[in-house]
Amino acid sequence: MRRSLTEISLSFTAGVAIGALASSGAEDWRILYIVSGLCCAGVAAALVAYLSGRLKSDWLLLPLFFFTGLFCFLTKEFTPSPPSATLLALRKAGKRFCEFIDTIPFGKEGTGALLKALLAGDRSGLPRETVRIFRASGASHLLALSGLHLGIIYLVLKRLGMVFGNSPAARVLRSAAVVTASLLYAFATGASPSIVRAFLFITLHETASLSGRKTRPSLILAGALLIQLVLDPLQIRAIGFQLSYCAIAGIVIIYPRLSAWYPSGRFDPLKKIWDSAVLSIACQAFTAPLAWYYFHTFPRHFLLTNLMAIPLTTALMLTALSTVVLSACGICPALFVQATDFLASTLVETLRIISLM
């Protein structure tokens, strides 16, 4: 099979997208049943012909994956499945996690609610003023669980996994533990499209590392997109799914080129600031048109917001995770609680100042 993974993934995604467009305006479902049946027959015939060697050109694989994507979407649309008992149990565990955060004696009133939003995706307890500040400053994406949040947790888990050593067996054990923990976290927090995308990125990256292959961001992006839509084609309708993959596409396509404009030195703090800035620009370049289409807004201060808020959010999540884990063990020093309180109030105050500009 000489067709690249990127071409296959895009062909399948195009089929899923066409299925979503067709079903959204369909008044007669019988037409969609007929289309689904024809797609199924066409895919089966093309697959049999390819496996038997009758299809000499691998270009025909692209239409095959296109119609497979269309068929998968229509099939999922007709046969919705209820959540499994395991998924419901994990979500209950996520709720208990939020309830435990409420028991930690933070000095600031809104700290617990902010931590529940950042760590568990529960924004129900956030004060309206806090939500307004995040929205006005262009930092609403920080309140929605995304690849940033799971990425921070992933790095923490990787660091903790270093206790296993660096032997081949230890690397396998560390990767299995990290992937399993990421999977449990993804489903416990509701398995939003962006969290699932981040989990697939982690899984594919760890798999490539264990196999000794060089990880290519473009292939990981294409592989994650294909797997996520195969598992649930209806995700393509979710705004979070679209924004998440647009942001990563911007990072993969634009970020390396912009980052290379600044010559890298041995130790240059300005280089890190430059990389953070162009990372935000790369994401915004691909997500801004979609955000404008859905919300008719554009964050004017997105660059300043990301440069200030992302480091603060990262530090806050690290101290918050330490505070929650140590509190669960009954050995949490008051210093950790105070540090979490301080970082939470600093983040909100920083965004409040930006929102007033």
# chains A, B, ... in the order shown; residues from 1 in each chain; ligands from 1

$ closest_atom_pairs --of "range 96-188 of chain A" --to "range 279-300 of chain A" --cutoff "12 Å" --atoms "only C-alpha atoms" --output "JSON lines"
{"residue": "A:Phe134", "atom": "CA", "partner": "A:Pro299", "partner_atom": "CA", "distance": 10.8}
{"residue": "A:Arg135", "atom": "CA", "partner": "A:Pro299", "partner_atom": "CA", "distance": 8.8}
{"residue": "A:Ala136", "atom": "CA", "partner": "A:Pro299", "partner_atom": "CA", "distance": 7.8}
{"residue": "A:Ser137", "atom": "CA", "partner": "A:Pro299", "partner_atom": "CA", "distance": 7.0}
{"residue": "A:Gly138", "atom": "CA", "partner": "A:Pro299", "partner_atom": "CA", "distance": 4.9}
{"residue": "A:Ala139", "atom": "CA", "partner": "A:Pro299", "partner_atom": "CA", "distance": 8.5}
{"residue": "A:Ser140", "atom": "CA", "partner": "A:Pro299", "partner_atom": "CA", "distance": 10.0}
{"residue": "A:His141", "atom": "CA", "partner": "A:Pro299", "partner_atom": "CA", "distance": 11.2}

$ residues_around --residues "Leu226 in chain A" --least-positions-apart "5" --cutoff "10 Å" --atoms "only C-alpha atoms" --output "PyMOL selection string"
chain A and resi 5-6+8-13+69+220-221+231+233

$ atom_distance --atom1 "CA of Gly107 in chain A" --atom2 "CA of Ala344 in chain A"
10.8 Å

$ residues_around --residues "range 324-340 of chain A" --least-positions-apart "3" --cutoff "12 Å" --atoms "only C-alpha atoms" --output "PyMOL selection string"
chain A and resi 97-108+110-112+114-116+119+312-321+343-347

$ closest_residue --among "A:Thr68, A:Ala208, A:Ile253, A:Ile133" --to "Ile354 in chain A" --atoms "only C-alpha atoms"
A:Ile133

$ closest_residue --among "A:Thr207, A:Ser146, A:Phe71, A:Asp341" --to "Glu109 in chain A" --atoms "only C-alpha atoms"
A:Asp341

$ atom_distance --atom1 "CA of Tyr245 in chain A" --atom2 "CA of Asp275 in chain A"
19.9 Å

$ residues_around --residues "Gly190 in chain A" --least-positions-apart "3" --cutoff "9 Å" --atoms "only C-alpha atoms" --output "PyMOL selection string"
chain A and resi 87+90-91+94+120-121+185-187+195

$ residues_around --residues "Lys158 in chain A" --least-positions-apart "2" --cutoff "12 Å" --atoms "only C-alpha atoms" --output "list of chain:residue names"
A:Gly151, A:Ile152, A:Ile153, A:Tyr154, A:Leu155, A:Val156, A:Leu160, A:Gly161, A:Met162, A:Val163, A:Phe164, A:Gly165, A:Asn166, A:Ala170, A:Arg171, A:Leu173, A:Arg174, A:Ser175, A:Ala176, A:Ala177, A:Val178, A:Val179, A:Ala181, A:Ser182, A:Ile202, A:Glu206

$ write_last_selection --atoms "N, CA and C atoms" --output "PDB file, in the first residue's frame"
ATOM      1  N   GLY A 151      -1.629  17.175  28.243  1.00  0.00           N
ATOM      2  CA  GLY A 151      -0.202  17.214  27.973  1.00  0.00           C
ATOM      3  C   GLY A 151       0.607  17.491  29.241  1.00  0.00           C
ATOM      4  N   ILE A 152       0.117  18.397  30.079  1.00  0.00           N
ATOM      5  CA  ILE A 152       0.797  18.696  31.344  1.00  0.00           C
ATOM      6  C   ILE A 152       0.786  17.463  32.244  1.00  0.00           C
ATOM      7  N   ILE A 153      -0.374  16.820  32.327  1.00  0.00           N
ATOM      8  CA  ILE A 153      -0.478  15.615  33.149  1.00  0.00           C
ATOM      9  C   ILE A 153       0.419  14.512  32.592  1.00  0.00           C
ATOM     10  N   TYR A 154       0.492  14.414  31.278  1.00  0.00           N
ATOM     11  CA  TYR A 154       1.352  13.421  30.623  1.00  0.00           C
ATOM     12  C   TYR A 154       2.815  13.634  31.005  1.00  0.00           C
ATOM     13  N   LEU A 155       3.274  14.889  30.991  1.00  0.00           N
ATOM     14  CA  LEU A 155       4.665  15.177  31.356  1.00  0.00           C
ATOM     15  C   LEU A 155       4.935  14.828  32.816  1.00  0.00           C
ATOM     16  N   VAL A 156       3.959  15.096  33.684  1.00  0.00           N
ATOM     17  CA  VAL A 156       4.120  14.747  35.102  1.00  0.00           C
ATOM     18  C   VAL A 156       4.244  13.231  35.259  1.00  0.00           C
ATOM     19  N   LEU A 160       7.374  11.015  36.749  1.00  0.00           N
ATOM     20  CA  LEU A 160       7.208  10.061  37.845  1.00  0.00           C
ATOM     21  C   LEU A 160       7.617   8.656  37.411  1.00  0.00           C
ATOM     22  N   GLY A 161       7.391   8.345  36.121  1.00  0.00           N
ATOM     23  CA  GLY A 161       7.737   7.017  35.615  1.00  0.00           C
ATOM     24  C   GLY A 161       9.218   6.768  35.490  1.00  0.00           C
ATOM     25  N   MET A 162      10.031   7.817  35.646  1.00  0.00           N
ATOM     26  CA  MET A 162      11.474   7.643  35.552  1.00  0.00           C
ATOM     27  C   MET A 162      12.023   6.779  36.690  1.00  0.00           C
ATOM     28  N   VAL A 163      11.223   6.584  37.729  1.00  0.00           N
ATOM     29  CA  VAL A 163      11.681   5.736  38.834  1.00  0.00           C
ATOM     30  C   VAL A 163      11.844   4.287  38.389  1.00  0.00           C
ATOM     31  N   PHE A 164      11.208   3.901  37.283  1.00  0.00           N
ATOM     32  CA  PHE A 164      11.338   2.541  36.776  1.00  0.00           C
ATOM     33  C   PHE A 164      12.688   2.291  36.105  1.00  0.00           C
ATOM     34  N   GLY A 165      13.448   3.354  35.848  1.00  0.00           N
ATOM     35  CA  GLY A 165      14.713   3.205  35.148  1.00  0.00           C
ATOM     36  C   GLY A 165      14.549   3.401  33.651  1.00  0.00           C
ATOM     37  N   ASN A 166      15.561   3.010  32.887  1.00  0.00           N
ATOM     38  CA  ASN A 166      15.530   3.226  31.444  1.00  0.00           C
ATOM     39  C   ASN A 166      15.847   1.958  30.650  1.00  0.00           C
ATOM     40  N   ALA A 170      11.641  -1.427  31.466  1.00  0.00           N
ATOM     41  CA  ALA A 170      11.151  -0.259  32.206  1.00  0.00           C
ATOM     42  C   ALA A 170      10.453   0.713  31.277  1.00  0.00           C
ATOM     43  N   ARG A 171      10.968   0.890  30.062  1.00  0.00           N
ATOM     44  CA  ARG A 171      10.327   1.806  29.105  1.00  0.00           C
ATOM     45  C   ARG A 171       8.948   1.294  28.711  1.00  0.00           C
ATOM     46  N   LEU A 173       7.033  -0.662  30.562  1.00  0.00           N
ATOM     47  CA  LEU A 173       6.176  -0.503  31.743  1.00  0.00           C
ATOM     48  C   LEU A 173       5.757   0.948  31.922  1.00  0.00           C
ATOM     49  N   ARG A 174       6.710   1.879  31.731  1.00  0.00           N
ATOM     50  CA  ARG A 174       6.403   3.303  31.880  1.00  0.00           C
ATOM     51  C   ARG A 174       5.390   3.748  30.837  1.00  0.00           C
ATOM     52  N   SER A 175       5.582   3.352  29.592  1.00  0.00           N
ATOM     53  CA  SER A 175       4.654   3.746  28.526  1.00  0.00           C
ATOM     54  C   SER A 175       3.262   3.166  28.770  1.00  0.00           C
ATOM     55  N   ALA A 176       3.206   1.896  29.195  1.00  0.00           N
ATOM     56  CA  ALA A 176       1.903   1.272  29.463  1.00  0.00           C
ATOM     57  C   ALA A 176       1.189   1.985  30.605  1.00  0.00           C
ATOM     58  N   ALA A 177       1.937   2.351  31.649  1.00  0.00           N
ATOM     59  CA  ALA A 177       1.328   3.046  32.785  1.00  0.00           C
ATOM     60  C   ALA A 177       0.826   4.429  32.383  1.00  0.00           C
ATOM     61  N   VAL A 178       1.629   5.150  31.589  1.00  0.00           N
ATOM     62  CA  VAL A 178       1.251   6.497  31.170  1.00  0.00           C
ATOM     63  C   VAL A 178       0.025   6.459  30.267  1.00  0.00           C
ATOM     64  N   VAL A 179       0.009   5.544  29.305  1.00  0.00           N
ATOM     65  CA  VAL A 179      -1.124   5.445  28.388  1.00  0.00           C
ATOM     66  C   VAL A 179      -2.389   5.036  29.136  1.00  0.00           C
ATOM     67  N   ALA A 181      -3.093   5.472  32.373  1.00  0.00           N
ATOM     68  CA  ALA A 181      -3.529   6.589  33.220  1.00  0.00           C
ATOM     69  C   ALA A 181      -4.174   7.684  32.372  1.00  0.00           C
ATOM     70  N   SER A 182      -3.624   7.963  31.200  1.00  0.00           N
ATOM     71  CA  SER A 182      -4.202   8.978  30.311  1.00  0.00           C
ATOM     72  C   SER A 182      -5.580   8.553  29.823  1.00  0.00           C
ATOM     73  N   ILE A 202      -0.728  10.831  22.496  1.00  0.00           N
ATOM     74  CA  ILE A 202       0.158  10.219  23.481  1.00  0.00           C
ATOM     75  C   ILE A 202       0.390   8.747  23.149  1.00  0.00           C
ATOM     76  N   GLU A 206       4.009   7.228  22.104  1.00  0.00           N
ATOM     77  CA  GLU A 206       4.648   6.201  22.925  1.00  0.00           C
ATOM     78  C   GLU A 206       4.887   4.927  22.118  1.00  0.00           C
TER      79      GLU A 206
END

$ select_by_dssp --residues "range 101-248 of chain A" --states "helix (DSSP H, G or I)" --output "PyMOL selection string"
chain A and resi 101-102+111-120+128-136+140-142+147-164+168-188+193-210+217-231+233-237+239-248

$ residues_around --residues "Pro263 in chain A" --least-positions-apart "5" --cutoff "12 Å" --atoms "only C-alpha atoms" --output "number ranges by chain"
A: 257-258, 268, 270-272, 274-275
